[in-house]
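Engineer: Structure supplied as upload_0.txt; contents: compact mmCIF, C-alpha atoms.
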# COMPACT_ATOMS: atom_id res chain seq x y z
CA MET A 1 145.28 -27.03 31.39
CA MET A 2 146.38 -30.59 31.49
CA ARG A 3 145.70 -32.57 34.62
CA SER A 4 148.71 -33.68 36.56
CA TRP A 5 150.29 -36.46 34.53
CA HIS A 6 151.07 -38.49 37.56
CA ARG A 7 147.65 -38.08 39.08
CA ARG A 8 146.48 -40.65 41.57
CA ARG A 9 143.12 -42.27 41.31
CA GLY A 10 141.62 -43.13 44.67
CA TYR A 11 139.77 -46.33 45.40
CA GLY A 12 136.47 -44.42 45.48
CA SER A 13 136.96 -42.66 42.15
CA PRO A 14 134.42 -43.33 39.38
CA GLU A 15 137.17 -44.68 37.12
CA PHE A 16 138.22 -47.19 39.74
CA LEU A 17 134.65 -48.32 40.34
CA VAL A 18 134.03 -48.65 36.61
CA PHE A 19 137.27 -50.59 36.33
CA VAL A 20 136.25 -52.98 39.12
CA GLY A 21 132.75 -53.42 37.71
CA LEU A 22 133.88 -54.09 34.19
CA THR A 23 136.65 -56.40 35.35
CA LEU A 24 134.14 -58.42 37.34
CA CYS A 25 131.86 -58.64 34.30
CA ALA A 26 134.78 -59.77 32.18
CA ALA A 27 135.88 -62.30 34.78
CA LEU A 28 132.37 -63.72 35.09
CA GLY A 29 132.10 -63.87 31.33
CA LEU A 30 135.41 -65.66 30.99
CA ALA A 31 134.54 -68.02 33.83
CA SER A 32 131.37 -69.13 32.06
CA LEU A 33 133.15 -69.84 28.81
CA PHE A 34 133.25 -73.53 29.44
CA ALA A 35 129.50 -73.92 29.24
CA MET A 36 128.68 -71.68 26.36
CA GLY A 37 128.56 -71.89 22.62
CA GLN A 38 130.77 -70.32 20.05
CA PHE A 39 128.89 -67.08 19.50
CA THR A 40 128.61 -66.31 23.19
CA TRP A 41 132.28 -67.16 23.63
CA PHE A 42 133.40 -64.72 20.99
CA LEU A 43 130.99 -62.07 22.23
CA LEU A 44 132.41 -62.39 25.73
CA TYR A 45 135.96 -62.38 24.44
CA LEU A 46 135.18 -59.23 22.47
CA VAL A 47 133.60 -57.57 25.51
CA ALA A 48 136.59 -58.55 27.68
CA THR A 49 138.96 -57.12 25.09
CA LEU A 50 137.01 -53.87 24.82
CA VAL A 51 136.88 -53.55 28.61
CA THR A 52 140.63 -54.07 28.77
CA VAL A 53 141.22 -51.46 26.09
CA LEU A 54 139.02 -48.93 27.91
CA VAL A 55 140.69 -49.57 31.25
CA LEU A 56 144.11 -49.53 29.65
CA ARG A 57 143.40 -46.14 28.12
CA ALA A 58 142.54 -44.72 31.53
CA ILE A 59 145.86 -45.70 33.07
CA PRO A 60 148.71 -43.29 32.42
CA VAL A 61 151.85 -45.06 31.32
CA GLU A 62 155.49 -44.29 30.95
CA PRO A 63 157.21 -45.67 27.88
CA GLY A 64 160.04 -47.20 29.88
CA ALA A 65 163.73 -47.38 29.08
CA VAL A 66 163.44 -49.27 25.80
CA LEU A 67 160.29 -47.91 24.21
CA SER A 68 161.23 -44.29 24.97
CA ARG A 69 164.16 -44.56 22.56
CA ARG A 70 163.45 -43.41 19.05
CA PRO A 71 165.07 -46.41 17.27
CA ALA A 72 162.91 -48.78 19.31
CA ARG A 73 159.79 -46.78 18.50
CA ARG A 74 160.63 -46.68 14.81
CA GLY A 75 161.33 -50.40 14.87
CA LEU A 76 157.90 -50.95 16.38
CA VAL A 77 156.29 -48.85 13.62
CA LEU A 78 158.13 -50.86 10.96
CA LEU A 79 157.02 -54.08 12.65
CA ILE A 80 153.40 -52.94 12.52
CA GLY A 81 153.81 -52.00 8.86
CA ALA A 82 155.31 -55.41 8.08
CA THR A 83 152.46 -57.16 9.91
CA CYS A 84 149.92 -55.14 7.90
CA CYS A 85 151.70 -56.17 4.67
CA LEU A 86 151.61 -59.78 5.85
CA LEU A 87 147.89 -59.52 6.56
CA THR A 88 147.17 -58.13 3.12
CA SER A 89 149.11 -60.97 1.53
CA ILE A 90 147.11 -63.74 3.20
CA PRO A 91 144.61 -65.10 0.68
CA SER A 92 141.02 -65.40 1.72
CA THR A 93 141.18 -69.19 1.40
CA LEU A 94 143.38 -69.37 4.50
CA GLY A 95 140.63 -68.12 6.78
CA THR A 96 142.05 -68.76 10.22
CA TRP A 97 145.54 -67.55 9.40
CA TYR A 98 144.38 -63.99 9.98
CA LEU A 99 144.05 -64.41 13.68
CA LEU A 100 147.70 -64.86 14.62
CA PRO A 101 149.02 -61.69 12.90
CA THR A 102 145.95 -59.85 14.14
CA LEU A 103 146.73 -60.83 17.72
CA PHE A 104 150.32 -59.77 17.18
CA LEU A 105 149.04 -56.48 15.78
CA ILE A 106 146.99 -55.94 18.94
CA PHE A 107 150.08 -56.60 21.04
CA CYS A 108 152.07 -54.11 18.93
CA ASN A 109 149.31 -51.54 19.35
CA VAL A 110 149.46 -51.90 23.12
CA MET A 111 153.21 -51.35 22.93
CA LEU A 112 152.67 -48.40 20.59
CA GLY A 113 150.28 -46.83 23.08
CA ARG A 114 152.85 -47.29 25.80
CA ALA A 115 155.64 -45.83 23.67
CA THR A 116 153.65 -42.70 22.81
CA GLN A 117 151.81 -42.43 26.11
CA ARG A 118 148.67 -42.68 23.95
CA ILE A 119 148.78 -38.97 23.23
CA SER A 120 147.42 -39.41 19.72
CA ALA A 121 143.94 -40.22 20.98
CA ALA A 122 143.97 -38.92 24.56
CA PRO A 123 141.31 -36.44 25.70
CA VAL A 124 142.30 -32.77 25.37
CA HIS A 125 142.61 -32.28 29.13
CA ASP A 126 145.09 -35.16 29.37
CA VAL A 127 147.70 -33.71 27.02
CA ASP A 128 149.85 -30.65 27.40
CA GLU A 129 150.58 -28.15 24.66
CA TRP A 130 153.68 -29.91 23.34
CA GLN A 131 151.82 -33.20 23.13
CA GLU A 132 148.87 -31.49 21.47
CA SER A 133 151.08 -29.84 18.86
CA MET A 134 152.87 -33.16 18.27
CA ARG A 135 149.63 -35.03 17.71
CA ASN A 136 148.20 -32.27 15.53
CA ARG A 137 151.17 -32.62 13.20
CA ALA A 138 150.87 -36.41 13.41
CA HIS A 139 147.21 -36.32 12.40
CA VAL A 140 148.03 -34.17 9.36
CA VAL A 141 150.80 -36.54 8.26
CA ALA A 142 148.64 -39.59 8.99
CA TYR A 143 145.79 -38.15 6.93
CA TRP A 144 147.96 -37.83 3.84
CA ILE A 145 149.52 -41.27 4.30
CA LEU A 146 146.08 -42.83 4.69
CA ALA A 147 144.76 -40.92 1.69
CA ALA A 148 147.69 -42.17 -0.40
CA VAL A 149 147.19 -45.76 0.77
CA VAL A 150 143.46 -45.69 0.04
CA VAL A 151 143.71 -43.93 -3.32
CA LEU A 152 146.84 -45.63 -4.65
CA GLY A 153 146.52 -48.97 -2.89
CA VAL A 154 142.85 -49.84 -2.63
CA GLY A 155 141.70 -47.61 -5.49
CA GLY A 156 144.52 -48.84 -7.69
CA ALA A 157 143.70 -52.46 -6.92
CA TYR A 158 140.10 -51.85 -7.98
CA VAL A 159 141.24 -50.39 -11.29
CA ILE A 160 144.19 -52.58 -12.30
CA SER A 161 142.46 -55.89 -12.92
CA TYR A 162 139.61 -58.09 -11.87
CA ALA A 163 142.02 -60.29 -9.90
CA THR A 164 143.34 -57.39 -7.81
CA ARG A 165 139.82 -56.14 -7.27
CA ALA A 166 138.73 -59.57 -6.10
CA TRP A 167 141.77 -59.73 -3.85
CA VAL A 168 140.85 -56.49 -2.09
CA ALA A 169 137.17 -57.36 -1.90
CA ASP A 170 137.69 -60.88 -0.55
CA SER A 171 140.78 -60.45 1.61
CA PHE A 172 139.83 -59.92 5.20
CA GLY A 173 143.45 -58.96 5.95
CA VAL A 174 143.26 -55.91 3.71
CA TRP A 175 140.43 -54.54 5.80
CA ILE A 176 142.21 -55.35 9.05
CA ALA A 177 145.28 -53.49 7.76
CA LEU A 178 143.14 -50.54 6.69
CA ALA A 179 141.42 -50.46 10.07
CA GLU A 180 144.86 -50.52 11.70
CA LEU A 181 145.96 -47.53 9.65
CA LEU A 182 142.71 -45.71 10.23
CA LEU A 183 142.87 -46.13 14.00
CA PHE A 184 146.58 -46.18 14.79
CA LEU A 185 148.39 -44.29 12.05
CA PRO A 186 148.52 -41.02 14.08
CA ALA A 187 150.10 -42.95 16.96
CA MET A 188 152.57 -44.51 14.55
CA VAL A 189 153.51 -41.07 13.24
CA VAL A 190 153.94 -39.78 16.79
CA ALA A 191 156.16 -42.76 17.61
CA TRP A 192 158.21 -42.11 14.47
CA ARG A 193 158.64 -38.36 14.94
CA GLN A 194 158.89 -37.94 18.69
CA PRO A 195 162.46 -37.08 19.68
CA ASP A 196 164.35 -39.00 22.31
CA PRO A 197 163.38 -37.96 25.82
CA VAL A 198 165.79 -36.23 28.17
CA VAL A 199 168.24 -38.98 28.90
CA GLU A 200 169.80 -37.61 32.06
CA TYR A 201 166.49 -37.60 33.81
CA VAL A 202 165.25 -40.86 35.19
CA ARG A 203 161.87 -40.67 36.78
CA PRO A 204 161.84 -42.45 40.10
CA ARG A 205 159.89 -45.63 39.84
CA GLY A 206 156.73 -45.40 41.88
CA PRO A 207 154.89 -48.24 43.52
CA ILE A 208 153.35 -50.62 41.02
CA ARG A 209 149.62 -50.28 41.32
CA TRP A 210 147.69 -53.51 41.31
CA SER A 211 145.14 -52.15 38.85
CA ARG A 212 147.91 -51.56 36.33
CA SER A 213 149.32 -55.02 36.87
CA LEU A 214 145.83 -56.46 36.56
CA VAL A 215 145.06 -54.74 33.29
CA PHE A 216 148.37 -55.72 31.72
CA GLY A 217 147.69 -59.23 32.97
CA ALA A 218 144.32 -59.07 31.21
CA VAL A 219 146.05 -58.04 27.98
CA ALA A 220 148.42 -60.97 28.30
CA VAL A 221 145.56 -63.39 29.00
CA GLU A 222 143.54 -62.12 26.04
CA LEU A 223 146.51 -62.44 23.73
CA LEU A 224 147.69 -65.79 25.02
CA LEU A 225 144.31 -67.45 25.51
CA PRO A 226 143.79 -68.41 21.85
CA VAL A 227 147.37 -69.67 21.58
CA VAL A 228 147.36 -71.68 24.82
CA SER A 229 143.94 -73.04 24.03
CA GLY A 230 145.12 -74.07 20.56
CA LEU A 231 148.03 -75.95 22.11
CA ALA A 232 145.72 -77.54 24.66
CA MET A 233 143.54 -78.82 21.84
CA LEU A 234 146.62 -80.53 20.43
CA VAL A 235 148.06 -81.88 23.66
CA LEU A 236 145.21 -82.71 26.02
CA PRO A 237 143.71 -86.19 25.71
CA PRO A 238 140.09 -86.28 24.57
CA GLN A 239 137.51 -86.73 27.29
CA VAL A 240 135.07 -89.47 26.33
CA ASN A 241 131.68 -89.96 27.90
CA THR A 242 129.98 -93.17 26.76
CA THR A 243 126.59 -94.72 27.27
CA ARG A 244 125.57 -98.24 26.34
CA ARG A 245 122.26 -99.78 27.25
CA PRO A 246 119.82 -102.29 25.79
CA ALA A 247 117.42 -100.70 23.34
CA ALA A 248 113.63 -100.95 23.53
CA ASP A 249 113.42 -103.54 20.77
CA GLN A 250 113.68 -106.78 22.68
CA VAL A 251 112.71 -109.03 19.77
CA ARG A 252 116.09 -108.75 18.19
CA GLY A 253 119.27 -108.02 20.10
CA CYS A 254 119.58 -104.26 20.10
CA SER A 255 121.69 -101.80 21.97
CA TYR A 256 121.83 -98.06 22.29
CA LEU A 257 125.34 -96.69 21.81
CA GLY A 258 126.11 -93.09 22.66
CA ALA A 259 129.40 -91.29 23.09
CA ILE A 260 130.50 -87.70 23.30
CA THR A 261 134.18 -86.92 22.85
CA THR A 262 135.25 -83.54 24.17
CA VAL A 263 138.50 -82.16 22.79
CA GLY A 264 140.35 -79.03 23.89
CA TRP A 265 140.32 -76.53 26.71
CA VAL A 266 138.33 -73.30 26.50
CA PHE A 267 138.40 -73.74 22.74
CA GLN A 268 136.44 -76.94 22.71
CA ALA A 269 134.57 -79.21 20.38
CA GLN A 270 132.20 -81.99 21.30
CA LEU A 271 131.94 -84.75 18.76
CA PRO A 272 128.96 -87.05 19.30
CA ILE A 273 128.04 -90.43 18.04
CA SER A 274 124.83 -92.20 18.90
CA ALA A 275 122.80 -94.98 17.40
CA ASP A 276 120.51 -97.89 18.04
CA VAL A 277 122.29 -100.94 16.67
CA CYS A 278 120.72 -104.35 16.31
CA TRP A 279 122.11 -107.72 15.32
CA THR A 280 120.49 -110.81 13.97
CA GLY A 281 123.30 -113.31 14.07
CA VAL A 282 123.81 -112.84 10.36
CA ARG A 283 124.61 -109.18 10.36
CA ALA A 284 124.45 -106.04 12.44
CA VAL A 285 122.19 -103.19 11.33
CA GLU A 286 121.43 -99.73 12.62
CA GLN A 287 117.91 -98.87 13.71
CA TRP A 288 118.76 -95.23 13.49
CA GLY A 289 121.91 -93.18 13.54
CA LEU A 290 125.29 -93.80 11.94
CA ASN A 291 124.34 -91.77 8.88
CA ARG A 292 126.11 -88.97 7.09
CA SER A 293 123.93 -86.49 8.93
CA ASP A 294 125.41 -87.76 12.23
CA CYS A 295 128.87 -86.57 11.27
CA ASN A 296 128.51 -83.16 12.85
CA PRO A 297 129.93 -81.68 16.01
CA GLU A 298 127.59 -81.29 18.95
CA THR A 299 129.10 -77.98 19.99
CA THR A 300 132.15 -76.04 18.92
CA SER A 301 133.65 -73.20 20.83
CA GLY A 302 136.45 -71.36 19.12
CA LEU A 303 137.53 -74.32 16.99
CA LEU A 304 136.98 -75.01 13.35
CA VAL A 305 135.68 -78.53 12.81
CA THR A 306 135.61 -80.13 9.39
CA THR A 307 134.61 -83.65 8.56
CA VAL A 308 137.46 -85.72 7.10
CA SER A 309 135.63 -88.99 6.70
CA CYS A 310 132.16 -90.26 7.38
CA THR A 311 131.71 -93.84 6.27
CA ARG A 312 129.35 -96.67 7.10
CA ARG A 313 130.15 -100.13 5.84
CA LEU A 314 128.70 -103.54 6.28
CA LEU A 315 131.64 -105.90 6.13
CA PRO A 316 131.27 -109.35 4.47
CA ASN A 317 131.28 -111.04 7.86
CA GLY A 318 128.20 -109.05 8.89
CA THR A 319 130.04 -106.49 11.03
CA LEU A 320 128.65 -102.99 10.95
CA TYR A 321 131.45 -100.50 10.80
CA PHE A 322 131.09 -96.74 11.16
CA ASP A 323 133.85 -94.15 11.12
CA TYR A 324 133.55 -90.44 11.79
CA THR A 325 136.83 -88.52 11.62
CA ALA A 326 136.84 -84.79 12.21
CA ARG A 327 139.69 -82.34 11.80
CA LEU A 328 139.98 -79.70 14.50
CA GLU A 329 141.78 -76.43 13.86
CA SER A 330 142.45 -73.59 16.24
CA PRO A 331 142.08 -70.03 14.93
CA GLY A 332 144.90 -68.98 17.26
CA LEU A 333 147.34 -71.53 15.85
CA PRO A 334 146.17 -72.21 12.32
CA PHE A 335 149.08 -74.56 11.63
CA VAL A 336 147.97 -76.80 14.48
CA GLN A 337 145.50 -79.49 13.48
CA ARG A 338 144.21 -82.59 15.13
CA ASP A 339 142.22 -85.42 13.66
CA VAL A 340 139.82 -87.12 16.03
CA SER A 341 138.21 -90.41 15.03
CA LEU A 342 135.10 -91.95 16.45
CA LYS A 343 134.72 -95.55 15.39
CA VAL A 344 131.89 -97.94 16.02
CA ALA A 345 132.09 -101.58 15.03
CA VAL A 346 129.43 -104.11 16.03
CA SER A 347 129.72 -107.75 15.06
CA ARG A 348 126.78 -109.79 13.81
CA THR A 349 126.53 -111.31 17.27
CA GLY A 350 126.33 -107.95 18.99
CA ARG A 351 129.89 -107.86 20.20
CA LEU A 352 131.27 -104.36 20.36
CA LEU A 353 134.53 -104.40 18.41
CA ALA A 354 135.18 -100.69 18.47
CA PHE A 355 133.63 -97.87 20.41
CA PRO A 356 135.07 -94.54 21.70
CA MET B 357 157.66 -21.73 7.82
CA ARG B 358 160.17 -23.14 10.26
CA PRO B 359 160.16 -21.13 13.53
CA GLU B 360 163.36 -19.48 14.64
CA PRO B 361 165.06 -21.17 17.57
CA LEU B 362 164.19 -19.86 20.98
CA TYR B 363 167.03 -19.90 23.49
CA ASN B 364 166.39 -20.21 27.20
CA ARG B 365 168.13 -20.55 30.54
CA LEU B 366 165.60 -22.90 32.01
CA ALA B 367 168.20 -25.46 33.08
CA VAL B 368 170.23 -22.85 34.98
CA LEU B 369 167.16 -21.47 36.72
CA ARG B 370 166.03 -24.94 37.68
CA ALA B 371 169.43 -25.66 39.13
CA GLU B 372 169.40 -22.39 41.07
CA HIS B 373 166.02 -23.21 42.53
CA GLY B 374 166.92 -26.83 43.16
CA MET B 375 164.10 -28.08 40.99
CA SER B 376 164.09 -31.22 38.92
CA ARG B 377 162.32 -31.30 35.57
CA HIS B 378 159.65 -33.34 37.21
CA ASP B 379 159.13 -30.67 39.89
CA LEU B 380 158.89 -27.91 37.32
CA ALA B 381 156.54 -29.97 35.14
CA ALA B 382 154.30 -30.62 38.13
CA ALA B 383 154.28 -26.90 38.98
CA LEU B 384 153.31 -26.03 35.42
CA GLY B 385 150.91 -28.93 34.85
CA VAL B 386 152.77 -30.32 31.85
CA ASN B 387 154.56 -33.53 31.05
CA TYR B 388 158.16 -33.62 32.27
CA GLN B 389 159.35 -34.44 28.77
CA THR B 390 157.94 -31.13 27.58
CA ILE B 391 160.30 -29.33 29.95
CA GLY B 392 163.19 -31.31 28.52
CA TYR B 393 162.22 -30.45 24.94
CA ILE B 394 161.92 -26.72 25.84
CA GLU B 395 165.32 -26.78 27.52
CA ARG B 396 166.89 -28.41 24.48
CA GLY B 397 165.27 -25.83 22.19
CA GLU B 398 163.26 -28.51 20.41
CA TYR B 399 159.98 -26.90 21.35
CA SER B 400 158.99 -23.26 21.71
CA PRO B 401 156.39 -22.87 24.45
CA SER B 402 153.19 -20.92 23.96
CA LEU B 403 152.95 -17.44 25.40
CA ASP B 404 150.74 -18.79 28.17
CA LEU B 405 153.26 -21.44 29.18
CA ALA B 406 156.14 -18.95 28.92
CA PHE B 407 154.31 -16.61 31.31
CA ARG B 408 153.66 -19.47 33.71
CA ILE B 409 157.34 -20.43 33.64
CA ALA B 410 158.24 -16.79 34.33
CA GLU B 411 155.82 -16.74 37.27
CA VAL B 412 157.36 -19.88 38.75
CA PHE B 413 160.83 -18.28 38.76
CA GLY B 414 159.61 -14.76 39.51
CA LEU B 415 161.42 -13.32 36.50
CA PRO B 416 160.38 -11.45 33.38
CA ILE B 417 160.01 -13.59 30.26
CA GLU B 418 162.97 -11.93 28.54
CA ALA B 419 165.23 -13.09 31.38
CA ILE B 420 164.33 -16.69 30.57
CA PHE B 421 163.74 -16.77 26.81
CA SER B 422 165.62 -14.99 24.04
CA ARG B 423 165.92 -14.99 20.27
CA GLN B 424 169.70 -14.65 20.69
CA PRO B 425 171.92 -17.27 22.31
CA MET B 426 171.93 -16.75 26.04
CA GLN B 427 175.01 -15.21 27.65
CA PRO B 428 176.07 -16.57 31.02
CA MET B 429 174.37 -14.76 33.91
CA SER B 430 177.75 -13.58 35.19
CA THR B 431 178.55 -11.92 31.86
CA GLN B 432 175.25 -10.10 31.83
CA LEU B 433 175.34 -8.99 35.45
CA PHE B 434 179.03 -8.05 35.69
CA PRO B 435 180.25 -7.46 32.12
CA ALA B 436 183.16 -5.16 33.02
CA THR B 437 184.60 -7.50 35.67
CA VAL B 438 184.43 -10.52 33.44
CA GLU B 439 185.96 -8.77 30.43
CA ALA B 440 188.85 -7.29 32.50
CA ARG B 441 189.82 -10.69 33.82
CA SER B 442 192.07 -12.73 31.62
CA PRO B 443 191.13 -16.33 30.91
CA GLY B 444 192.28 -18.66 33.68
CA GLU B 445 192.90 -15.84 36.13
CA VAL B 446 191.59 -16.60 39.60
CA PRO B 447 190.15 -13.62 41.52
CA VAL B 448 191.88 -13.00 44.85
CA ASN B 449 189.96 -11.74 47.87
CA LYS B 450 191.64 -8.74 49.47
Re-express the file's structure as structure tokens.
Structural biologist:
Amino acid sequence: MMRSWHRRRGYGSPEFLVFVGLTLCAALGLASLFAMGQFTWFLLYLVATLVTVLVLRAIPVEPGAVLSRRPARRGLVLLIGATCCLLTSIPSTLGTWYLLPTLFLIFCNVMLGRATQRISAAPVHDVDEWQESMRNRAHVVAYWILAAVVVLGVGGAYVISYATRAWVADSFGVWIALAELLLFLPAMVVAWRQPDPVVEYVRPRGPIRWSRSLVFGAVAVELLLPVVSGLAMLVLPPQVNTTRRPAADQVRGCSYLGAITTVGWVFQAQLPISADVCWTGVRAVEQWGLNRSDCNPETTSGLLVTTVSCTRRLLPNGTLYFDYTARLESPGLPFVQRDVSLKVAVSRTGRLLAFP
Amino acid sequence: MRPEPLYNRLAVLRAEHGMSRHDLAAALGVNYQTIGYIERGEYSPSLDLAFRIAEVFGLPIEAIFSRQPMQPMSTQLFPATVEARSPGEVPVNK
């Protein structure tokens, strides 16, 4: 028999303790984002997302006034379908453009779970017989829809031409859309088929539990973090940390120049420039540094960094001029770009004409 | 094969016992929406659930569920009285 739908979980229950433990891990992981590299960042973000999904699944939800209505649920299903079509139409050359529709898809899936009370994947003891029969029918329908999509869509694309085959093989969005169908199609069918609930009955609103608020807050943070961070990369002024000191070579006039420009918040990139520059009175020369190999980011965390220009010139008046311009792109906001330039110019007399 | 509709007087019995759908759902261990779908004839309960509903109201299953449309309780309990009375006639206490 199904457990009481409106069961209470005490503060000492295993689920609560697991929730607290995992939330702490996620919080610690997120708090240490600032100091870690890209791989660790994404690993932590993934762990935080998985923790949120697990905790979210353990909290019973009511669909609410809007999502309980069949037109709203069907609209949500159509929205998910449209997003999947959009994902499949994104060419593989636009790498970061996948992330925004994928995040939107995650948001829609959370809403879908709320609309269907997650009965399509709930444990057997958490659903009653009507819900079980509904999801059994949904799984049958979903199976045939998925089979048709795979056979006619993916299989057809492999057969039609080399171009369509390459499209399916290279397009990351196709596989995201297929994963969406594989994992959430039964829930979509439930949302589509489930009749309107009894309208005259309004369940009294209970106290809002902090754990529920917290987990929905975590969902919001995980969805908004890439977007906010992308905007921060665009808006926040770069933080520059410079060092200038005399170099070891005292015969000629030499100076060590070092600068690290940090751009962004959470999603960050550190662009370095460092060199030993000497001057003879006739011209300025580099002892080391200011080469093409120096045009690389020190660290990147959640940002795509590409080199726009990397030039070193010795001007006719003996001035050494070096320019490193990098383009920063956020995966969360692929249409947002920012060019950051690091320029070094040293005159033949050792005067610093340009420096970050 | 599409199942035949199953009529019930769940709503009347709930009202008699002063139970909300939520109360009945909690007593049966099901979702409250399931009660609503049964009442509206959109879902036919299993035999097990039908027996549990009958136990809650202390009635035989056939008093709650029927293959035929349900007659009002008054018609079933006092058929002669109801038929003799003309429509709109108000009974007078003597």
Engineer: So, with only C-alpha atoms as the atoms that count, which of B:Leu403, B:Ala383, B:Ser430, B:Glu395 lies closest to B:Glu418?
Structural biologist: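 Ranking B:Leu403, B:Ala383, B:Ser430, B:Glu395 by distance to B:Glu418, first place goes to B:Leu403.
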Engineer: Which residue is closest to chain A? Choose from B:Thr390, B:Met375, B:Leu362, B:Ala406 and count only C-alpha atoms.
Structural biologist: B:Thr390
Engineer: Between atom CA of A:Cys295 and atom CA of A:Ile260, what is the spacing in Å?
Structural biologist: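 Atom-to-atom, atom CA of A:Ile260 to atom CA of A:Cys295, that is 12.2 Å.
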Engineer: Smallest atom-to-atom distance to A:Asn296: which of A:Asn136, A:Ser161, A:Gln117, A:Gln270, using only C-alpha atoms?
Structural biologist: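 Closest residue, counting only C-alpha atoms: A:Gln270.
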Engineer: Identify, on the basis of all atoms listed in the file, every residue whose closest approach to A:Tyr143 does not exceed 10 Å; exclude the query and any residue fewer than 5 positions from it along the same chain; express the result as an mmCIF file with C-alpha atoms, in the frame of the given file.
Structural biologist:
data_model
loop_
_atom_site.group_PDB
_atom_site.id
_atom_site.type_symbol
_atom_site.label_atom_id
_atom_site.label_comp_id
_atom_site.auth_asym_id
_atom_site.auth_seq_id
_atom_site.Cartn_x
_atom_site.Cartn_y
_atom_site.Cartn_z
ATOM 1 C CA ARG A 137 151.170 -32.620 13.200
ATOM 2 C CA ALA A 138 150.870 -36.410 13.410
ATOM 3 C CA ALA A 148 147.690 -42.170 -0.400
ATOM 4 C CA VAL A 149 147.190 -45.760 0.770
ATOM 5 C CA LEU A 181 145.960 -47.530 9.650
ATOM 6 C CA LEU A 182 142.710 -45.710 10.230
ATOM 7 C CA LEU A 185 148.390 -44.290 12.050
ATOM 8 C CA PRO A 186 148.520 -41.020 14.080
#
Engineer: Give me the residues within 7 Å of A:Ala247 as a PDB file with C-alpha atoms, keeping the file's coordinate frame, counting all atoms listed in the file and dropping any in the same chain fewer than 3 places off.
Structural biologist:
ATOM      1  CA  CYS A 254     119.580-104.260  20.100  1.00  0.00           C
ATOM      2  CA  SER A 255     121.690-101.800  21.970  1.00  0.00           C
ATOM      3  CA  TYR A 256     121.830 -98.060  22.290  1.00  0.00           C
ATOM      4  CA  ASP A 276     120.510 -97.890  18.040  1.00  0.00           C
TER       5      ASP A 276
END
Engineer: Atom CA of A:Val305 to atom CA of A:Glu329: how many Å, to one decimal?
Structural biologist: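 A separation of 6.5 Å between them.
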Engineer: At what distance in Å, to one decimal, does atom CA of A:Gly258 lie from atom CA of A:Leu314?
Structural biologist: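 Answer for the atom CA of A:Leu314 to atom CA of A:Gly258 separation: 19.6 Å.
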Engineer: Tell me the residues of chain B close to chain A, meaning within 7 Å using all atoms listed in the file, as a list in words.
Structural biologist: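 Every residue meeting the condition is included here: Ala382, Gly385, Val386, Asn387, Gln389, Thr390 and Gly392 of chain B.
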Engineer: Using C-alpha atoms, can you export the residues from the last selection as a PDB file, keeping the file's coordinate frame?
Structural biologist:
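What ended up in part18.pdb:
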ATOM      1  CA  ALA B 382     154.300 -30.620  38.130  1.00  0.00           C
ATOM      2  CA  GLY B 385     150.910 -28.930  34.850  1.00  0.00           C
ATOM      3  CA  VAL B 386     152.770 -30.320  31.850  1.00  0.00           C
ATOM      4  CA  ASN B 387     154.560 -33.530  31.050  1.00  0.00           C
ATOM      5  CA  GLN B 389     159.350 -34.440  28.770  1.00  0.00           C
ATOM      6  CA  THR B 390     157.940 -31.130  27.580  1.00  0.00           C
ATOM      7  CA  GLY B 392     163.190 -31.310  28.520  1.00  0.00           C
TER       8      GLY B 392
END
Engineer: Smallest atom-to-atom distance to A:Phe335: which of A:Trp167, A:Trp97, A:Ser347, A:Ala121, using only C-alpha atoms?
Structural biologist: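 Checking each of A:Trp167, A:Trp97, A:Ser347, A:Ala121 against A:Phe335, counting only C-alpha atoms, the winner is A:Trp97.
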Engineer: Which residues, written as number ranges by chain, have at least one atom at most 8 Å from A:Thr311, with only C-alpha atoms counted and residues fewer than 2 positions away on the same chain left out?
Structural biologist: A: 292, 309, 313, 322-324
Engineer: Convert the current residue selection to file output with C-alpha atoms, as a PDB file, keeping the file's coordinate frame.
Structural biologist:
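This went into out_5.pdb:
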ATOM      1  CA  ARG A 292     126.110 -88.970   7.090  1.00  0.00           C
ATOM      2  CA  SER A 309     135.630 -88.990   6.700  1.00  0.00           C
ATOM      3  CA  ARG A 313     130.150-100.130   5.840  1.00  0.00           C
ATOM      4  CA  PHE A 322     131.090 -96.740  11.160  1.00  0.00           C
ATOM      5  CA  ASP A 323     133.850 -94.150  11.120  1.00  0.00           C
ATOM      6  CA  TYR A 324     133.550 -90.440  11.790  1.00  0.00           C
TER       7      TYR A 324
END
Engineer: What lies within 12 Å of A:Val227 using only C-alpha atoms, ignoring chain neighbours under 6 positions off, as a VMD selection string?
Structural biologist: chain A and resid 99 to 101 103 to 104 220 to 221 233 to 234 264 to 267 302 to 303 329 to 336
Engineer: Of the candidates A:Ala232, A:Val150, A:Leu290, A:Leu54, which one gets nearest to A:Ala122 if we count all atoms listed in the file?
Structural biologist: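 For A:Ala122, the nearest of the candidates is A:Leu54.
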Engineer: Which of these, A:Ala177, A:Ala166, A:Ile119, A:Leu112, has the shortest distance to A:Ala82 once you count only C-alpha atoms?
Structural biologist: A:Ala177
Engineer: Kindly write C-alpha atoms of stretch 386-395 of chain B from the structure just given to a file, as a JSON list (two decimals), in the first residue's frame.
Structural biologist:
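After the write, part34.json holds the following:
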[["chain", "number", "residue", "atom", "x", "y", "z"],
["B", 386, "VAL", "CA", -4.27, 6.79, -1.63],
["B", 387, "ASN", "CA", -3.83, 10.15, -3.27],
["B", 388, "TYR", "CA", -6.81, 12.46, -2.85],
["B", 389, "GLN", "CA", -7.03, 12.91, -6.60],
["B", 390, "THR", "CA", -7.67, 9.18, -6.94],
["B", 391, "ILE", "CA", -10.82, 9.59, -4.86],
["B", 392, "GLY", "CA", -11.93, 12.39, -7.16],
["B", 393, "TYR", "CA", -11.33, 10.29, -10.28],
["B", 394, "ILE", "CA", -13.29, 7.35, -8.77],
["B", 395, "GLU", "CA", -16.18, 9.64, -7.86]]
